[in-house]
Amino acid sequence: MTMALATKRTARKTDSTGKKAAKNTAVKGTGAKKSSGKKTVAKPEVEPVVALDAQVLDRLFDTVQSRRGTDPALSHSARLLSRGRKKIAQKFGEEAVECLIEAVAGKPAELVSESADVLYHLIVMWVDAGVTPQEVWAELRRREAMSGVEEKASRPNNTGA
Ligand SMILES: N=c1c2ncn([C@@H]3O[C@H](COP(=O)(O)OP(=O)(O)OP(=O)(O)O)[C@@H](O)[C@H]3O)c2ncn1[C@@H]1O[C@H](COP(=O)(O)O)[C@@H](O)[C@H]1O
């Protein structure tokens with residue numbers, strides 16, 4: 001749980017820093033001229049951090065895969081993978097429940113932290129099952145071409161319910 005807690009702390013810190021930065025930008029922004037009498041929303045001066053790291057899940061997958069069969073005392077992933085499929089699935093389920101609890105509670109910073117836990121445990125599950133991120137990305141790309149309603153209707157044995 002140590003890392004989960006550390007992640008939560010980081011997420012909260014990032015969140016509050018982010019909000020501060022946004023406020024400062026709004027005050028400093030070039031578009032906020034009083035003379036016109038119109039309220040102008042200032043353009044943020046800082047690029048969003050998320051845009052910098054789109055391949056983080058691929059890298060995490062490679063790291064977790066490289067841990068398979070290594071010393072469980074040195075790697076949480078190795079420990080989890082050595083405990084077997086049921087335990088891996090159980091841990092994923094627990095993290096998913098923690099995630100939805102934060103969503104329902106309306107706590108965005110905690111939801112960010114729990115979402116990272118869910119993605120990590122999902123990736124451990126992929127490694128165990130022999131599924132690659134590329135297969136999942138390909139499925140997501142396939143779905144980009146159709147709406148969710150169309151996709152549901154295209155499923156075999158779809159009852160329309
Ligand atoms: N993102 C994560 C990550 N998120 C969560 N966790 C671990 O998930 C654990 C969840 O805590 P729990 O108490 O619920 O789980 P547990 O210790 O198995 O407890 P029990 O099942 O025994 O009750 C935390 O202790 C973390 O160590 C993670 N462990 C690793 N990573 C990533 O995986 C990479 C490889 O890690 P290692 O395999 O440890 O080298 C790291 O560099 C990180 O990028």
# chains A, B, ... in the order shown; residues from 1 in each chain; ligands from 1
$ closest_atom_pairs --of "chain A" --to "ligand 1" --cutoff "8 Å" --atoms "only C-alpha atoms and all ligand atoms" --output "CSV"
residue,atom,partner,partner_atom_place_in_ligand_line,distance
A:Met1,CA,ligand 1,25 (O),3.7
A:Thr2,CA,ligand 1,25 (O),5.2
A:Met3,CA,ligand 1,26 (C),4.5
A:Ala4,CA,ligand 1,24 (C),5.1
A:Thr7,CA,ligand 1,4 (N),7.9
A:Leu60,CA,ligand 1,44 (O),5.9
A:Thr63,CA,ligand 1,35 (C),5.8
A:Val64,CA,ligand 1,35 (C),5.6
A:Arg67,CA,ligand 1,38 (O),5.9
A:Leu74,CA,ligand 1,40 (O),6.5
A:Ser75,CA,ligand 1,39 (O),3.6
A:His76,CA,ligand 1,39 (O),3.6
A:Ser77,CA,ligand 1,38 (O),3.6
A:Ala78,CA,ligand 1,38 (O),5.7
A:Arg79,CA,ligand 1,38 (O),7.7
A:Leu80,CA,ligand 1,18 (O),6.5
A:Lys87,CA,ligand 1,21 (O),7.7
A:Lys91,CA,ligand 1,21 (O),6.6
A:Glu94,CA,ligand 1,14 (O),7.7
A:Glu95,CA,ligand 1,14 (O),7.4
A:Ala116,CA,ligand 1,4 (N),6.7
A:Asp117,CA,ligand 1,4 (N),4.6
A:Val118,CA,ligand 1,4 (N),7.9
A:Leu119,CA,ligand 1,1 (N),7.8
A:Tyr120,CA,ligand 1,1 (N),4.9
A:His121,CA,ligand 1,4 (N),7.2
$ residues_around --residues "stretch 129-143 of chain A" --least-positions-apart "2" --cutoff "10 Å" --atoms "only C-alpha atoms" --output "list in words"
Leu57, Asp58, Arg59, Phe61, Asp62, Gln65, Arg85, Ile123, Val124, Met125, Trp126, Val127, Ala145, Met146, Ser147, Gly148, Glu150 and Glu151 of chain A
$ write_last_selection --atoms "C-alpha atoms" --output "CSV table (one decimal), in the first residue's frame"
chain,number,residue,atom,x,y,z
A,57,LEU,CA,1.0,2.5,-20.7
A,58,ASP,CA,3.2,0.8,-23.4
A,59,ARG,CA,6.2,1.5,-21.2
A,61,PHE,CA,3.5,-3.0,-19.9
A,62,ASP,CA,7.2,-3.5,-21.0
A,65,GLN,CA,6.5,-8.0,-18.5
A,85,ARG,CA,-4.4,-15.5,-12.2
A,123,ILE,CA,-1.6,-4.3,-17.2
A,124,VAL,CA,-0.5,-7.0,-14.8
A,125,MET,CA,-3.6,-8.9,-15.9
A,126,TRP,CA,-2.7,-8.5,-19.6
A,127,VAL,CA,0.9,-9.7,-19.0
A,145,ALA,CA,-15.2,4.1,-36.6
A,146,MET,CA,-18.7,3.5,-35.1
A,147,SER,CA,-20.8,4.9,-32.3
A,148,GLY,CA,-21.3,2.9,-29.1
A,150,GLU,CA,-23.9,0.9,-33.4
A,151,GLU,CA,-21.2,-1.2,-31.8
$ atom_distance --atom1 "atom CA of A:Ile88" --atom2 "atom CA of A:Arg68"
13.1 Å
